[in-house]
file entry-v6.cif (mmCIF, C-alpha atoms)
data_work
#
loop_
_atom_site.label_atom_id
_atom_site.label_comp_id
_atom_site.auth_asym_id
_atom_site.auth_seq_id
_atom_site.Cartn_x
_atom_site.Cartn_y
_atom_site.Cartn_z
CA PRO A 1 -24.16 4.18 15.56
CA VAL A 2 -27.11 2.83 13.56
CA ARG A 3 -30.47 3.40 15.23
CA ALA A 4 -33.76 1.67 14.47
CA GLY A 5 -35.94 3.86 12.31
CA ASP A 6 -33.07 5.75 10.68
CA PRO A 7 -34.04 6.46 7.06
CA CYS A 8 -30.50 5.62 5.96
CA PRO A 9 -27.98 4.10 8.38
CA LEU A 10 -25.02 4.62 6.00
CA SER A 11 -22.79 7.67 6.06
CA GLU A 12 -22.17 9.73 2.91
CA ASP A 13 -18.87 7.94 2.48
CA GLY A 14 -20.56 4.55 2.91
CA LEU A 15 -23.23 5.41 0.36
CA HIS A 16 -20.60 6.51 -2.12
CA LYS A 17 -18.69 3.23 -1.75
CA VAL A 18 -21.89 1.22 -2.28
CA HIS A 19 -22.68 3.25 -5.40
CA VAL A 20 -19.16 2.79 -6.81
CA LYS A 21 -19.25 -0.98 -6.27
CA LEU A 22 -22.76 -1.33 -7.69
CA ARG A 23 -21.76 0.72 -10.75
CA GLN A 24 -18.78 -1.62 -11.30
CA ILE A 25 -20.99 -4.73 -11.02
CA MET A 26 -23.61 -3.34 -13.40
CA GLY A 27 -20.90 -2.18 -15.78
CA GLN A 28 -19.49 -5.69 -15.99
CA ALA A 29 -22.99 -7.13 -16.48
CA HIS A 30 -23.47 -4.72 -19.38
CA LEU A 31 -20.13 -5.73 -20.94
CA ASP A 32 -21.19 -9.39 -20.61
CA ASP A 33 -24.48 -8.59 -22.44
CA LEU A 34 -26.52 -9.58 -19.43
CA ILE A 35 -28.30 -6.20 -19.28
CA PRO A 36 -28.89 -3.61 -22.04
CA ASN A 37 -27.14 -0.78 -20.19
CA ASN A 38 -25.65 0.25 -16.86
CA PRO A 39 -28.47 1.93 -14.89
CA CYS A 40 -26.02 3.34 -12.36
CA GLU A 41 -24.47 5.56 -15.02
CA LYS A 42 -27.65 7.64 -14.94
CA VAL A 43 -27.30 8.33 -11.22
CA LYS A 44 -25.21 11.41 -10.53
CA PHE A 45 -23.70 10.71 -7.13
CA PRO A 46 -21.32 13.37 -5.82
CA LYS A 47 -18.35 12.22 -3.85
CA PRO A 48 -18.49 13.04 -0.13
CA PRO A 49 -16.06 15.64 1.16
CA GLN A 50 -12.80 14.31 2.58
CA ARG A 51 -13.02 14.84 6.33
CA ASN A 52 -10.05 12.80 7.50
CA ALA A 53 -6.65 14.46 7.51
CA ARG A 54 -4.08 12.75 5.33
CA ASN A 55 -1.19 12.30 7.73
CA SER A 56 2.23 11.80 6.23
CA LEU A 57 5.89 11.91 7.12
CA THR A 58 7.96 14.96 6.34
CA PRO A 59 10.56 14.46 3.58
CA GLU A 60 13.29 14.30 6.24
CA ASP A 61 11.40 11.71 8.30
CA ALA A 62 10.64 9.77 5.12
CA ARG A 63 14.39 9.55 4.44
CA LYS A 64 15.04 8.39 8.00
CA PHE A 65 12.28 5.79 7.79
CA HIS A 66 13.61 4.50 4.47
CA GLU A 67 17.17 4.26 5.82
CA GLN A 68 15.88 2.31 8.82
CA LEU A 69 13.95 -0.08 6.54
CA VAL A 70 17.05 -0.73 4.42
CA ARG A 71 19.20 -1.37 7.52
CA ASN A 72 16.64 -3.76 8.97
CA PHE A 73 16.28 -5.55 5.63
CA GLU A 74 20.04 -6.07 5.46
CA LEU A 75 19.98 -7.59 8.96
CA ASP A 76 16.76 -9.56 8.63
CA ARG A 77 15.56 -10.63 5.19
CA ASP A 78 11.89 -10.29 6.12
CA ALA A 79 9.33 -10.22 3.31
CA LYS A 80 7.21 -7.71 5.22
CA LEU A 81 10.09 -5.22 5.13
CA VAL A 82 10.19 -5.75 1.37
CA ALA A 83 6.49 -4.85 1.20
CA LEU A 84 7.15 -1.62 3.10
CA LEU A 85 10.05 -0.74 0.80
CA ILE A 86 7.79 -1.28 -2.21
CA ILE A 87 5.03 0.89 -0.75
CA LEU A 88 7.41 3.70 0.18
CA GLY A 89 9.22 3.38 -3.16
CA THR A 90 6.10 3.50 -5.35
CA GLY A 91 3.16 4.83 -3.34
CA CYS A 92 1.17 1.66 -4.02
CA ARG A 93 -1.55 0.35 -1.73
CA ARG A 94 -0.99 -2.41 0.83
CA GLY A 95 -3.04 -4.87 -1.22
CA GLU A 96 -1.09 -4.01 -4.37
CA ALA A 97 2.23 -4.71 -2.67
CA LEU A 98 0.95 -8.01 -1.27
CA GLY A 99 -0.55 -8.91 -4.64
CA LEU A 100 2.68 -8.50 -6.61
CA SER A 101 4.10 -11.51 -8.46
CA TRP A 102 7.57 -11.74 -9.96
CA GLY A 103 6.10 -11.53 -13.46
CA ASP A 104 4.95 -8.01 -12.56
CA VAL A 105 8.53 -6.85 -11.90
CA ASP A 106 10.67 -5.88 -14.89
CA PHE A 107 14.29 -5.41 -13.82
CA THR A 108 15.41 -4.49 -17.34
CA ARG A 109 13.04 -1.54 -17.60
CA ARG A 110 13.05 -1.00 -13.82
CA THR A 111 9.25 -1.00 -13.65
CA ILE A 112 6.51 -2.65 -11.60
CA HIS A 113 3.11 -3.51 -13.09
CA LEU A 114 0.43 -2.97 -10.44
CA ILE A 115 -2.52 -4.98 -11.66
CA ASN A 116 -3.67 -7.11 -8.71
CA GLN A 117 -4.55 -6.67 -5.07
CA TYR A 118 -4.49 -9.27 -2.30
CA ALA A 119 -7.32 -8.57 0.13
CA LYS A 120 -8.50 -9.84 3.49
CA ASP A 121 -10.57 -12.57 1.84
CA HIS A 122 -7.26 -13.98 0.54
CA ALA A 123 -8.35 -13.50 -3.07
CA LEU A 124 -5.99 -12.17 -5.71
CA ARG A 125 -7.96 -9.97 -8.05
CA ASN A 126 -7.90 -7.02 -10.37
CA PRO A 127 -10.03 -4.56 -8.37
CA LYS A 128 -11.17 -2.51 -11.37
CA MET A 129 -12.88 -4.93 -13.72
CA ASP A 130 -10.17 -6.03 -16.15
CA SER A 131 -8.23 -2.79 -15.87
CA PRO A 132 -4.73 -3.00 -17.35
CA GLY A 133 -3.47 -1.56 -14.07
CA ARG A 134 -0.64 0.92 -14.02
CA VAL A 135 3.09 0.72 -14.48
CA VAL A 136 5.33 2.58 -12.05
CA GLY A 137 9.07 3.03 -12.08
CA MET A 138 11.60 1.63 -9.63
CA SER A 139 14.52 3.58 -8.25
CA ASP A 140 17.98 2.01 -8.42
CA ALA A 141 17.77 1.36 -4.66
CA LEU A 142 14.41 -0.45 -4.86
CA SER A 143 15.53 -2.45 -7.89
CA ARG A 144 18.68 -3.60 -6.05
CA CYS A 145 16.64 -4.51 -2.98
CA LEU A 146 14.19 -6.62 -4.99
CA LYS A 147 17.01 -8.38 -6.85
CA GLU A 148 18.65 -9.26 -3.54
CA TRP A 149 15.33 -10.40 -2.11
CA LYS A 150 14.55 -12.55 -5.17
CA GLY A 151 17.89 -14.32 -4.82
CA TYR A 152 17.41 -14.86 -1.08
CA GLN A 153 13.84 -16.07 -1.60
CA LEU A 154 15.03 -18.60 -4.20
CA ALA A 155 17.78 -19.86 -1.88
CA GLN A 156 15.16 -20.43 0.85
CA LEU A 157 12.70 -22.22 -1.42
CA ASP A 158 13.97 -25.74 -0.60
CA GLN A 159 13.38 -25.06 3.08
CA VAL A 160 9.93 -23.63 2.32
CA ASN A 161 9.02 -26.71 0.27
CA ARG A 162 10.12 -29.02 3.10
CA ARG A 163 7.71 -27.19 5.40
CA ARG A 164 4.98 -27.52 2.79
CA ALA A 165 5.67 -31.24 2.35
CA ARG A 166 5.14 -31.79 6.09
CA ARG A 167 1.71 -30.22 5.65
CA GLY A 168 0.94 -32.28 2.55
CA GLU A 169 1.13 -29.24 0.27
CA PRO A 170 2.71 -29.26 -3.22
CA ALA A 171 6.16 -27.85 -3.86
CA LEU A 172 6.51 -24.35 -5.30
CA SER A 173 8.87 -22.82 -7.82
CA GLN A 174 9.82 -19.19 -8.28
CA SER A 175 7.80 -18.72 -11.45
CA ASP A 176 6.31 -15.50 -12.82
CA ASP A 177 3.15 -15.98 -10.74
CA PHE A 178 5.12 -16.62 -7.52
CA PRO A 179 4.45 -13.91 -4.89
CA VAL A 180 7.10 -11.26 -4.31
CA VAL A 181 6.04 -10.90 -0.67
CA THR A 182 5.87 -14.41 0.79
CA GLY A 183 5.09 -15.96 4.14
CA ARG A 184 6.66 -18.92 5.90
CA TYR A 185 5.01 -21.46 3.59
CA GLY A 186 5.50 -19.56 0.34
CA GLY A 187 2.03 -18.07 0.13
CA ARG A 188 0.93 -14.46 0.19
CA ILE A 189 0.86 -12.63 3.50
CA ASP A 190 -2.45 -11.94 5.22
CA PRO A 191 -3.18 -8.17 5.24
CA ASP A 192 -4.05 -8.21 8.95
CA ASN A 193 -0.73 -9.90 9.75
CA MET A 194 1.00 -7.23 7.69
CA ASP A 195 -0.74 -4.49 9.68
CA ARG A 196 0.27 -6.14 12.96
CA PHE A 197 3.89 -6.37 11.82
CA VAL A 198 3.94 -2.67 10.88
CA ARG A 199 2.58 -1.62 14.27
CA ASN A 200 5.15 -3.72 16.12
CA ASP A 201 7.98 -2.60 13.84
CA CYS A 202 7.08 1.06 14.29
CA VAL A 203 7.06 0.67 18.08
CA ASP A 204 10.41 -1.16 17.96
CA ASN A 205 11.96 1.65 15.92
CA GLY A 206 10.47 4.70 17.59
CA TRP A 207 7.66 5.52 15.13
CA GLY A 208 4.80 4.57 17.43
CA ARG A 209 3.78 3.35 20.87
CA PHE A 210 1.28 1.12 22.66
CA THR A 211 -0.92 2.69 25.32
CA GLU A 212 -2.74 -0.35 26.77
CA ASN A 213 -1.70 -3.73 28.20
CA VAL A 214 1.95 -2.93 27.56
CA SER A 215 4.46 -5.71 28.19
CA ILE A 216 8.24 -5.40 27.95
CA LYS A 217 10.51 -8.40 27.35
CA GLU A 218 14.16 -8.94 26.53
CA TYR A 219 14.76 -11.19 23.54
CA GLY A 220 18.08 -11.78 21.77
CA GLY A 221 19.60 -8.68 23.30
CA ARG A 222 16.67 -6.54 22.21
CA THR A 223 13.89 -4.93 24.21
CA ILE A 224 10.52 -5.97 22.79
CA VAL A 225 7.48 -3.85 23.66
CA ARG A 226 4.03 -5.21 22.84
CA GLY A 227 0.53 -4.16 23.73
CA LYS A 228 -2.69 -2.62 22.45
CA GLY A 229 -3.97 0.87 21.79
CA TYR A 230 -1.46 1.65 19.07
CA GLU A 231 -0.63 5.28 18.32
CA GLY A 232 1.81 6.27 15.61
CA LEU A 233 2.71 5.78 11.97
CA ARG A 234 0.37 3.56 10.00
CA MET A 235 1.04 1.77 6.76
CA HIS A 236 -1.40 3.76 4.63
CA GLU A 237 0.38 6.93 5.73
CA LEU A 238 3.40 5.78 3.74
CA ARG A 239 1.25 6.10 0.61
CA HIS A 240 0.23 9.59 1.70
CA THR A 241 3.89 10.36 2.33
CA VAL A 242 4.79 9.42 -1.24
CA ALA A 243 2.03 11.65 -2.62
CA SER A 244 3.01 14.61 -0.44
CA VAL A 245 6.72 14.28 -1.25
CA LEU A 246 6.02 14.12 -4.99
CA ILE A 247 3.79 17.20 -4.82
CA LEU A 248 6.29 19.15 -2.71
CA GLU A 249 9.01 18.21 -5.22
CA GLY A 250 6.99 19.80 -8.01
CA LEU A 251 5.16 16.92 -9.72
CA SER A 252 1.79 17.83 -11.19
CA ALA A 253 -1.54 16.51 -9.96
CA LYS A 254 -1.77 14.42 -13.15
CA GLN A 255 1.61 12.81 -12.51
CA VAL A 256 0.71 12.03 -8.88
CA GLN A 257 -2.66 10.65 -9.99
CA SER A 258 -0.91 8.29 -12.40
CA GLN A 259 1.60 7.16 -9.75
CA LEU A 260 -0.99 6.47 -7.06
CA GLY A 261 -3.70 5.08 -9.36
CA HIS A 262 -6.48 7.49 -8.43
CA GLU A 263 -9.63 7.36 -10.54
CA SER A 264 -9.35 11.03 -11.47
CA CYS A 265 -7.03 13.98 -11.15
CA GLN A 266 -9.69 15.72 -9.05
CA THR A 267 -9.48 12.89 -6.49
CA THR A 268 -5.75 13.53 -6.15
CA MET A 269 -6.28 17.25 -5.70
CA ASP A 270 -9.08 16.72 -3.15
CA LEU A 271 -7.03 14.25 -1.09
CA TYR A 272 -3.84 16.31 -1.03
CA VAL A 273 -5.22 19.83 -1.13
CA HIS A 274 -2.86 20.99 1.66
CA ALA A 275 0.23 19.87 -0.24
CA PHE A 276 -0.96 21.64 -3.39
CA GLU A 277 -1.76 24.75 -1.35
CA SER A 278 1.81 24.68 -0.03
CA ARG A 279 3.13 24.60 -3.61
CA SER A 280 0.79 27.44 -4.49
CA ARG A 281 2.18 29.56 -1.64
CA GLU A 282 5.69 28.90 -2.94
CA ALA A 283 4.57 30.03 -6.39
CA ALA A 284 3.12 33.20 -4.91
CA GLU A 285 6.41 33.95 -3.15
CA VAL A 286 8.32 33.42 -6.42
CA LEU A 287 5.99 35.79 -8.23
CA GLY A 288 6.34 38.28 -5.40
CA ARG A 289 10.14 38.24 -5.69
CA VAL A 290 10.06 38.55 -9.47
CA LEU A 291 7.53 41.38 -9.59
CA SER A 292 8.70 43.40 -6.62
#
call {"tool": "encode", "arguments": {"input": "entry-v6.cif", "output": "structure tokens"}}
result
Amino acid sequence: PVRAGDPCPLSEDGLHKVHVKLRQIMGQAHLDDLIPNNPCEKVKFPKPPQRNARNSLTPEDARKFHEQLVRNFELDRDAKLVALLIILGTGCRRGEALGLSWGDVDFTRRTIHLINQYAKDHALRNPKMDSPGRVVGMSDALSRCLKEWKGYQLAQLDQVNRRRARRGEPALSQSDDFPVVTGRYGGRIDPDNMDRFVRNDCVDNGWGRFTENVSIKEYGGRTIVRGKGYEGLRMHELRHTVASVLILEGLSAKQVQSQLGHESCQTTMDLYVHAFESRSREAAEVLGRVLS
């Protein structure tokens, strides 16, 4: 808690985030010739140590979770399930999945261009000052899923536009800038609503539970449990799962950095030190067998 008289109410992590954002703003001002240089570049600000454990699914649980997502998607063409499949299939951030447009998806090359994020302020933006973003590959399974979803989304567009017309909103078409992950009225999905869906979906499928104000109802032959005090798998842990699986499967820190879009290779190594240590122990065992 912040107390009156504290010389600095921000934590080390908070200070670092402020410095990063200020450096970006000043950097853009310098590029726009508004200031002669970026004064923040002269401030050496070490990154705070990572104190929070990076929880992730085991490879076996990741397979089970993916199989469950695919089954649920086949039964219920829900855009939020598509977002989860994209996150688990690429390691992208929540905002990057929600910020995807169809022009960012290349089915011929089986790639996704991650250039925008959709944040809580409902703004679609490039978070890194005109960065070209990064291009990540799609597996056959993810490519098939997105093709099926694109066809379903197009078939539902007339119904979406009728809803929009009742609200006095213009009709939409599935152009290159049309969102991949869409809500009931064809717009992008609010990040908080996405988080709420993930919590409920995880409880429904055995990946989490509510501990407070729990209510149980029967709906359509299903038992629906809702409440507060969520404990269990969280969406950002899917990103950590992707990183851990890639490391355990032998990808280098540089490759994982490129996939996840970290600022530096050192960031990747700092965040996933335990996974790299596990690989190092395997290397030591290999050397032990060879040299013994």
call {"tool": "resolve_selection", "arguments": {"input": "entry-v6.cif", "expression": "the PyMOL selection byres ((chain A and resi 202) around 12)", "output": "PyMOL selection string"}}
result
chain A and resi 65+68-69+72+81+84+195-201+203-210+224-226+230-235
call {"tool": "atom_distance", "arguments": {"input": "entry-v6.cif", "atom1": "CA of Lys21 in chain A", "atom2": "CA of Gln266 in chain A"}}
result
19.4 Å
call {"tool": "atom_distance", "arguments": {"input": "entry-v6.cif", "atom1": "CA of Arg71 in chain A", "atom2": "CA of Gly137 in chain A"}}
result
22.5 Å
call {"tool": "resolve_selection", "arguments": {"input": "entry-v6.cif", "expression": "the PyMOL selection byres ((chain A and resi 260) around 10)", "output": "PyMOL selection string"}}
result
chain A and resi 90-93+134+136+239-240+242-243+255-259+261-263+268
call {"tool": "residues_around", "arguments": {"input": "entry-v6.cif", "residues": "Asp176 in chain A", "least_positions_apart": "2", "cutoff": "6 Å", "atoms": "only C-alpha atoms", "output": "PyMOL selection string"}}
result
chain A and resi 102-103+178
call {"tool": "closest_residue", "arguments": {"input": "entry-v6.cif", "among": "A:His122, A:His19, A:Lys44, A:Arg144", "to": "Leu85 in chain A", "atoms": "all atoms listed in the file"}}
result
A:Arg144
call {"tool": "resolve_selection", "arguments": {"input": "entry-v6.cif", "expression": "the PyMOL selection byres ((chain A and resi 26) around 10)", "output": "list of chain:residue names"}}
result
A:Lys21, A:Leu22, A:Arg23, A:Gln24, A:Ile25, A:Gly27, A:Gln28, A:Ala29, A:His30, A:Leu31, A:Asp32, A:Leu34, A:Ile35, A:Asn37, A:Asn38, A:Pro39, A:Cys40, A:Glu41
call {"tool": "atom_distance", "arguments": {"input": "entry-v6.cif", "atom1": "CA of Gly89 in chain A", "atom2": "CA of Asp192 in chain A"}}
result
21.4 Å
call {"tool": "closest_residue", "arguments": {"input": "entry-v6.cif", "among": "A:Ala79, A:Lys17, A:Gly168, A:Ile87", "to": "Gly186 in chain A", "atoms": "all atoms listed in the file"}}
result
A:Ala79
call {"tool": "decode", "arguments": {"input": "entry-v6.cif", "residues": "range 216-231 of chain A", "atoms": "N, CA and C atoms", "output": "mmCIF file, in the first residue's frame"}}
result
data_model
loop_
_atom_site.group_PDB
_atom_site.id
_atom_site.type_symbol
_atom_site.label_atom_id
_atom_site.label_comp_id
_atom_site.auth_asym_id
_atom_site.auth_seq_id
_atom_site.Cartn_x
_atom_site.Cartn_y
_atom_site.Cartn_z
ATOM 1 N N ILE A 216 -24.816 -23.096 -8.633
ATOM 2 C CA ILE A 216 -24.848 -24.221 -9.562
ATOM 3 C C ILE A 216 -26.226 -24.282 -10.211
ATOM 4 N N LYS A 217 -26.239 -24.271 -11.549
ATOM 5 C CA LYS A 217 -27.510 -24.319 -12.283
ATOM 6 C C LYS A 217 -27.416 -25.351 -13.397
ATOM 7 N N GLU A 218 -28.568 -25.885 -13.758
ATOM 8 C CA GLU A 218 -28.652 -26.800 -14.897
ATOM 9 C C GLU A 218 -29.173 -26.019 -16.101
ATOM 10 N N TYR A 219 -28.450 -26.117 -17.210
ATOM 11 C CA TYR A 219 -28.853 -25.378 -18.405
ATOM 12 C C TYR A 219 -28.528 -26.218 -19.638
ATOM 13 N N GLY A 220 -29.576 -26.570 -20.393
ATOM 14 C CA GLY A 220 -29.369 -27.336 -21.626
ATOM 15 C C GLY A 220 -28.698 -28.681 -21.395
ATOM 16 N N GLY A 221 -29.002 -29.299 -20.270
ATOM 17 C CA GLY A 221 -28.392 -30.591 -19.971
ATOM 18 C C GLY A 221 -26.996 -30.494 -19.397
ATOM 19 N N ARG A 222 -26.533 -29.286 -19.143
ATOM 20 C CA ARG A 222 -25.199 -29.080 -18.588
ATOM 21 C C ARG A 222 -25.297 -28.467 -17.203
ATOM 22 N N THR A 223 -24.308 -28.769 -16.372
ATOM 23 C CA THR A 223 -24.214 -28.156 -15.055
ATOM 24 C C THR A 223 -23.299 -26.948 -15.153
ATOM 25 N N ILE A 224 -23.839 -25.771 -14.839
ATOM 26 C CA ILE A 224 -23.088 -24.527 -14.949
ATOM 27 C C ILE A 224 -22.748 -24.041 -13.541
ATOM 28 N N VAL A 225 -21.455 -23.884 -13.277
ATOM 29 C CA VAL A 225 -20.992 -23.394 -11.982
ATOM 30 C C VAL A 225 -20.425 -21.990 -12.175
ATOM 31 N N ARG A 226 -20.935 -21.032 -11.404
ATOM 32 C CA ARG A 226 -20.436 -19.670 -11.481
ATOM 33 C C ARG A 226 -20.169 -19.153 -10.076
ATOM 34 N N GLY A 227 -19.319 -18.149 -9.983
ATOM 35 C CA GLY A 227 -19.000 -17.595 -8.684
ATOM 36 C C GLY A 227 -17.857 -16.609 -8.761
ATOM 37 N N LYS A 228 -17.199 -16.396 -7.642
ATOM 38 C CA LYS A 228 -16.059 -15.487 -7.552
ATOM 39 C C LYS A 228 -14.895 -16.230 -6.886
ATOM 40 N N GLY A 229 -13.797 -15.523 -6.726
ATOM 41 C CA GLY A 229 -12.625 -16.145 -6.112
ATOM 42 C C GLY A 229 -12.041 -17.246 -6.977
ATOM 43 N N TYR A 230 -11.783 -16.920 -8.234
ATOM 44 C CA TYR A 230 -11.316 -17.947 -9.176
ATOM 45 C C TYR A 230 -9.912 -18.423 -8.834
ATOM 46 N N GLU A 231 -9.727 -19.736 -8.899
ATOM 47 C CA GLU A 231 -8.413 -20.371 -8.774
ATOM 48 C C GLU A 231 -8.252 -21.363 -9.910
#
